[in-house]
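Colleague: model_27.csv (CSV, C-alpha atoms) pasted underneath:
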```
chain,number,residue,atom,x,y,z
Y,1,MET,CA,-59.3,7.5,7.8
Y,2,GLN,CA,-59.7,11.1,8.9
Y,3,TRP,CA,-57.3,13.7,7.7
Y,4,ALA,CA,-59.2,16.9,8.5
Y,5,TRP,CA,-56.6,17.6,11.3
Y,6,LEU,CA,-53.7,17.8,8.9
Y,7,PRO,CA,-54.0,21.5,7.7
Y,8,ALA,CA,-54.2,22.7,11.3
Y,9,TYR,CA,-51.1,20.8,12.5
Y,10,LEU,CA,-49.1,21.1,9.3
Y,11,PRO,CA,-47.0,24.1,10.6
Y,12,ALA,CA,-46.2,22.1,13.8
Y,13,LEU,CA,-45.3,19.0,11.7
Y,14,LEU,CA,-43.0,21.2,9.5
Y,15,GLN,CA,-41.3,22.5,12.6
Y,16,GLY,CA,-40.9,19.0,14.0
Y,17,LEU,CA,-39.4,17.9,10.7
Y,18,VAL,CA,-36.8,20.8,11.0
Y,19,THR,CA,-35.9,19.7,14.5
Y,20,THR,CA,-35.6,16.1,13.4
Y,21,LEU,CA,-33.3,17.0,10.4
Y,22,PHE,CA,-31.3,19.3,12.5
Y,23,VAL,CA,-30.6,16.7,15.2
Y,24,LEU,CA,-29.8,14.1,12.4
Y,25,PHE,CA,-27.4,16.4,10.5
Y,26,PHE,CA,-25.6,17.8,13.6
Y,27,SER,CA,-25.2,14.4,15.2
Y,28,VAL,CA,-24.0,12.7,12.1
Y,29,THR,CA,-21.6,15.5,11.1
Y,30,ILE,CA,-20.0,16.1,14.5
Y,31,GLY,CA,-20.3,12.5,15.5
Y,32,PHE,CA,-18.4,11.3,12.5
Y,33,GLY,CA,-15.7,13.9,13.1
Y,34,LEU,CA,-15.3,12.6,16.7
Y,35,ALA,CA,-15.2,9.0,15.4
Y,36,ILE,CA,-12.1,9.6,13.4
Y,37,PRO,CA,-9.7,10.4,16.4
Y,38,LEU,CA,-11.5,7.8,18.5
Y,39,ALA,CA,-10.7,5.2,15.8
Y,40,LEU,CA,-7.2,6.3,15.4
Y,41,ALA,CA,-6.6,6.2,19.1
Y,42,GLN,CA,-7.5,2.5,19.1
Y,43,VAL,CA,-5.4,1.7,16.0
Y,44,HIS,CA,-2.3,3.9,16.6
Y,45,GLY,CA,-2.7,5.7,19.9
Y,46,ARG,CA,-0.9,5.5,23.2
Y,47,PHE,CA,-2.0,3.2,26.0
Y,48,LEU,CA,-4.3,5.7,27.8
Y,49,ALA,CA,-5.9,6.9,24.6
Y,50,GLN,CA,-6.6,3.3,23.5
Y,51,LYS,CA,-8.2,2.5,26.8
Y,52,PHE,CA,-10.3,5.6,26.8
Y,53,SER,CA,-11.5,5.1,23.3
Y,54,ARG,CA,-12.3,1.4,23.8
Y,55,GLY,CA,-14.1,2.2,27.1
Y,56,PHE,CA,-16.1,4.9,25.5
Y,57,CYS,CA,-17.1,2.8,22.5
Y,58,SER,CA,-18.0,-0.1,24.7
Y,59,TYR,CA,-20.2,2.1,26.9
Y,60,ILE,CA,-22.0,3.6,23.9
Y,61,ARG,CA,-22.5,0.3,22.1
Y,62,GLY,CA,-23.5,-1.5,25.3
Y,63,THR,CA,-26.1,0.8,26.6
Y,64,PRO,CA,-29.4,2.0,25.0
Y,65,LEU,CA,-29.5,5.5,23.5
Y,66,LEU,CA,-32.6,6.3,25.5
Y,67,MET,CA,-30.7,5.6,28.8
Y,68,GLN,CA,-27.8,7.8,27.6
Y,69,LEU,CA,-30.3,10.6,26.8
Y,70,TYR,CA,-31.9,10.3,30.2
Y,71,LEU,CA,-28.6,10.3,32.0
Y,72,LEU,CA,-27.6,13.5,30.3
Y,73,TYR,CA,-30.9,15.3,30.6
Y,74,TYR,CA,-32.2,14.1,33.9
Y,75,GLY,CA,-28.8,13.2,35.4
Y,76,VAL,CA,-26.1,15.7,34.4
Y,77,GLY,CA,-28.6,18.5,33.8
Y,78,SER,CA,-30.0,18.1,37.3
Y,79,LEU,CA,-26.6,18.1,39.0
Y,80,PHE,CA,-25.6,21.6,38.0
Y,81,PRO,CA,-27.8,23.4,40.6
Y,82,PHE,CA,-26.2,21.4,43.4
Y,83,ILE,CA,-22.6,22.3,42.5
Y,84,PRO,CA,-21.4,25.2,44.7
Y,85,GLY,CA,-21.0,28.4,42.8
Y,86,VAL,CA,-22.6,27.2,39.6
Y,87,ARG,CA,-26.1,28.6,40.3
Y,88,GLU,CA,-24.7,32.0,41.1
Y,89,HIS,CA,-21.9,32.3,38.5
Y,90,PHE,CA,-22.8,29.9,35.6
Y,91,GLN,CA,-26.6,30.1,35.4
Y,92,TRP,CA,-26.4,29.5,31.6
Y,93,LEU,CA,-25.4,25.9,32.4
Y,94,VAL,CA,-28.4,25.3,34.6
Y,95,ARG,CA,-30.7,26.8,32.0
Y,96,LEU,CA,-29.5,24.8,29.0
Y,97,ASP,CA,-32.4,24.0,26.7
Y,98,ALA,CA,-33.2,20.3,26.3
Y,99,ILE,CA,-32.1,20.3,22.7
Y,100,TYR,CA,-28.5,20.6,23.8
Y,101,TYR,CA,-28.7,17.4,25.8
Y,102,VAL,CA,-30.4,15.7,22.8
Y,103,LEU,CA,-27.6,16.9,20.5
Y,104,ALA,CA,-25.0,15.7,22.9
Y,105,ALA,CA,-26.6,12.3,23.4
Y,106,PHE,CA,-27.1,11.6,19.7
Y,107,THR,CA,-23.7,12.9,18.7
Y,108,LEU,CA,-21.8,10.8,21.2
Y,109,SER,CA,-23.9,7.7,20.3
Y,110,PHE,CA,-23.1,8.1,16.6
Y,111,ALA,CA,-19.4,8.7,17.4
Y,112,GLY,CA,-19.2,5.6,19.4
Y,113,TYR,CA,-20.6,3.3,16.7
Y,114,GLU,CA,-18.8,5.0,13.9
Y,115,ALA,CA,-15.5,4.8,15.7
Y,116,GLU,CA,-15.7,1.0,15.8
Y,117,ILE,CA,-16.5,1.0,12.1
Y,118,MET,CA,-13.7,3.3,11.2
Y,119,ARG,CA,-11.3,1.3,13.3
Y,120,GLY,CA,-12.0,-1.7,11.2
Y,121,ALA,CA,-11.7,0.3,8.0
Y,122,PHE,CA,-8.3,1.8,9.1
Y,123,LEU,CA,-7.0,-1.7,9.8
Y,124,SER,CA,-8.2,-3.0,6.5
Y,125,VAL,CA,-6.1,-0.6,4.5
Y,126,PRO,CA,-3.0,-2.5,3.3
Y,127,ARG,CA,0.1,-1.6,5.3
Y,128,GLY,CA,2.1,-1.5,2.1
Y,129,GLU,CA,0.2,1.5,0.8
Y,130,LEU,CA,1.1,3.5,3.9
Y,131,GLU,CA,4.7,2.4,3.9
Y,132,ALA,CA,5.0,3.3,0.2
Y,133,ALA,CA,3.6,6.8,0.8
Y,134,GLU,CA,6.1,7.3,3.7
Y,135,ALA,CA,8.9,6.1,1.4
Y,136,LEU,CA,7.9,8.8,-1.1
Y,137,GLY,CA,8.5,11.5,1.5
Y,138,LEU,CA,5.0,12.2,2.8
Y,139,SER,CA,4.6,13.2,6.4
Y,140,ARG,CA,2.4,11.2,8.8
Y,141,ALA,CA,-0.3,13.8,8.5
Y,142,GLN,CA,-0.2,13.7,4.7
Y,143,VAL,CA,-0.3,9.9,4.7
Y,144,LEU,CA,-3.3,10.0,7.0
Y,145,TRP,CA,-5.4,12.6,5.1
Y,146,ARG,CA,-4.2,11.7,1.5
Y,147,ILE,CA,-4.0,7.9,1.7
Y,148,TRP,CA,-5.2,6.3,4.9
Y,149,PHE,CA,-8.4,8.1,5.6
Y,150,PRO,CA,-9.7,8.3,2.0
Y,151,SER,CA,-9.1,4.5,1.5
Y,152,ALA,CA,-10.8,3.8,4.8
Y,153,PHE,CA,-13.7,6.1,4.1
Y,154,LEU,CA,-14.5,4.5,0.7
Y,155,LYS,CA,-14.7,1.1,2.5
Y,156,VAL,CA,-17.2,2.4,5.1
Y,157,LEU,CA,-19.3,4.4,2.7
Y,158,PRO,CA,-21.9,1.7,2.0
Y,159,THR,CA,-22.1,1.0,5.7
Y,160,LEU,CA,-22.4,4.7,6.6
Y,161,THR,CA,-25.7,4.8,4.6
Y,162,GLY,CA,-27.2,2.3,6.9
Y,163,GLU,CA,-25.8,4.0,10.0
Y,164,ILE,CA,-27.3,7.3,9.1
Y,165,ILE,CA,-30.7,5.7,8.4
Y,166,GLY,CA,-30.4,4.0,11.8
Y,167,GLN,CA,-29.7,7.4,13.4
Y,168,LEU,CA,-32.8,8.8,11.6
Y,169,LYS,CA,-34.9,6.0,13.0
Y,170,ALA,CA,-33.6,6.7,16.5
Y,171,THR,CA,-34.7,10.4,16.4
Y,172,PRO,CA,-38.3,9.6,17.7
Y,173,LEU,CA,-36.6,9.2,21.1
Y,174,ILE,CA,-36.3,13.0,21.1
Y,175,PHE,CA,-39.9,13.5,22.2
Y,176,THR,CA,-39.2,11.7,25.5
Y,177,VAL,CA,-37.6,14.9,26.7
Y,178,PRO,CA,-39.1,18.4,26.2
Y,179,VAL,CA,-38.1,18.7,22.5
Y,180,ILE,CA,-40.8,18.5,19.9
Y,181,ASP,CA,-39.9,16.5,16.8
Y,182,LEU,CA,-42.0,14.7,14.3
Y,183,MET,CA,-43.0,12.0,16.7
Y,184,GLY,CA,-43.7,14.6,19.4
Y,185,VAL,CA,-46.2,16.4,17.0
Y,186,ALA,CA,-47.8,13.0,16.2
Y,187,GLN,CA,-48.3,12.4,19.9
Y,188,LYS,CA,-49.8,15.8,20.3
Y,189,VAL,CA,-52.3,15.1,17.5
Y,190,ARG,CA,-53.2,11.9,19.1
Y,191,HIS,CA,-53.9,13.5,22.4
Y,192,ASP,CA,-55.8,16.4,20.9
Y,193,THR,CA,-57.9,14.5,18.3
Y,194,TYR,CA,-57.9,10.9,19.7
Y,195,LEU,CA,-56.7,9.7,16.4
Y,196,THR,CA,-53.9,7.2,16.5
Y,197,TYR,CA,-53.3,5.7,13.0
Y,198,GLU,CA,-53.5,8.8,10.9
Y,199,PRO,CA,-50.7,10.9,12.5
Y,200,LEU,CA,-48.5,7.8,12.8
Y,201,LEU,CA,-49.0,6.9,9.2
Y,202,PHE,CA,-48.2,10.4,8.1
Y,203,VAL,CA,-45.0,10.5,10.1
Y,204,ALA,CA,-44.1,7.0,8.9
Y,205,ALA,CA,-44.5,8.3,5.3
Y,206,VAL,CA,-42.1,11.2,6.1
Y,207,TYR,CA,-39.5,8.9,7.5
Y,208,LEU,CA,-39.8,6.6,4.4
Y,209,ALA,CA,-39.3,9.6,2.2
Y,210,LEU,CA,-36.2,10.8,4.1
Y,211,THR,CA,-34.8,7.3,4.0
Y,212,PHE,CA,-35.2,7.2,0.2
Y,213,VAL,CA,-33.5,10.5,-0.1
Y,214,ILE,CA,-30.5,9.4,2.1
Y,215,VAL,CA,-30.1,6.2,0.1
Y,216,GLN,CA,-30.2,8.0,-3.2
Y,217,LEU,CA,-27.7,10.7,-2.1
Y,218,PHE,CA,-25.2,8.1,-0.9
Y,219,ALA,CA,-25.7,6.0,-4.0
Y,220,LEU,CA,-24.6,9.0,-6.1
Y,221,ALA,CA,-21.6,9.5,-3.7
Y,222,GLU,CA,-20.3,6.0,-4.1
Y,223,PRO,CA,-17.6,5.3,-6.7
Y,224,LYS,CA,-18.9,3.6,-9.8
Y,225,HIS,CA,-17.1,0.3,-9.1
Y,226,LEU,CA,-19.0,0.0,-5.8
Y,227,ARG,CA,-22.4,0.5,-7.4
Y,228,ARG,CA,-24.5,-2.5,-8.4
```
Written as structure tokens, how would this file's structure read?
Modeller:
Amino acid sequence: MQWAWLPAYLPALLQGLVTTLFVLFFSVTIGFGLAIPLALAQVHGRFLAQKFSRGFCSYIRGTPLLMQLYLLYYGVGSLFPFIPGVREHFQWLVRLDAIYYVLAAFTLSFAGYEAEIMRGAFLSVPRGELEAAEALGLSRAQVLWRIWFPSAFLKVLPTLTGEIIGQLKATPLIFTVPVIDLMGVAQKVRHDTYLTYEPLLFVAAVYLALTFVIVQLFALAEPKHLRR
């Protein structure tokens, strides 16, 4: 094993780690926020809202994340210059950095998966609890945010840990577009030094450490009666 390359590439690896964590945090946070109305639309929404949410979730769950990323970056991104007036008046759209397409793809993907999980969690909350809250005079919004959502969230908390870890393991797809993450730096090391195993082992160790941290944080967040 040769590790003489590590000091020279350590700044790039740290920057790649920052990019990976930023994409993970942004996509999980915003994606989960989008998943809640998508789940509610399926459970308690009007006809069009239900159809849209189900169609969106079916598309996200039925297609690879890599394809979704390519469709956004190479598809949508390349269409802007051909729309009349966009090149002249909305050049900022044409010049969007690749990181924005990455964030959009990962966020929408996480939202699609979590919406289905939250839908099941919302449906698992006993209807009697919600009716009792309404009988006590709580409005629909109060019932949602004080009773329905907290109960559903506690049910998905253990599952959410695995979903976030899965999202972390999907981040190596980032380097397939012009965004340098941890895997992108590992590929650069391989091209520059002709070393394959060492950079991959280093990046694997980083992912293992991040996974351990995520598991421990969610273990602390779980209620005591859910811990083993």
Colleague: Find, counting only C-alpha atoms, the residue in Y:Ala121, Y:Val177, Y:Ile99, Y:Ile164 that gets nearest to Met67 of chain Y.
Modeller: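 Smallest separation from Met67 of chain Y among the options: Y:Val177.
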Colleague: Would you please work out which residue, of Y:Gln68, Y:Gln187, Y:Ser53, Y:Thr107, is nearest to Leu40 of chain Y when using only C-alpha atoms?
Modeller: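 Closest residue, counting only C-alpha atoms: Y:Ser53.
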Colleague: Which one of Y:Gln42, Y:Ala186, Y:Ile147, Y:Leu217 sits closest to Phe202 of chain Y if you count only C-alpha atoms?
Modeller: Y:Ala186
Colleague: Choose the residue, out of Y:Met183, Y:Leu208, Y:Val23, Y:Leu130, that has the smallest atom-to-atom separation from Thr196 of chain Y; count only C-alpha atoms.
Modeller: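 Once distances to Thr196 of chain Y are computed over only C-alpha atoms, the minimum belongs to Y:Met183.
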Colleague: Calculate how many Å separate atom CA of Leu13 of chain Y from atom CA of Tyr197 of chain Y, rounding to one decimal.
Modeller: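 Spanning atom CA of Leu13 of chain Y to atom CA of Tyr197 of chain Y is a straight-line distance of 15.6 Å.
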Colleague: Could you please determine the separation between atom CA of Phe149 of chain Y and atom CA of Glu222 of chain Y in Å, to one decimal place?
Modeller: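 Between atom CA of Phe149 of chain Y and atom CA of Glu222 of chain Y the gap works out to 15.5 Å.
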Colleague: For Pro178 of chain Y, please output as a list in words all residues within 9 Å (counting only C-alpha atoms; exclusion window: fewer than 3 positions along the same chain).
Modeller: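 In the requested format, the answer is Asp97, Ala98, Ile99, Ile174 and Phe175 of chain Y.
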Colleague: Once you have the residues from the selection above, write them out as a compact mmCIF listing (two decimals), in the frame of the given file, restricted to C-alpha atoms.
Modeller:
```txt
# COMPACT_ATOMS: atom_id res chain seq x y z
CA ASP Y 97 -32.40 24.00 26.70
CA ALA Y 98 -33.20 20.30 26.30
CA ILE Y 99 -32.10 20.30 22.70
CA ILE Y 174 -36.30 13.00 21.10
CA PHE Y 175 -39.90 13.50 22.20
```
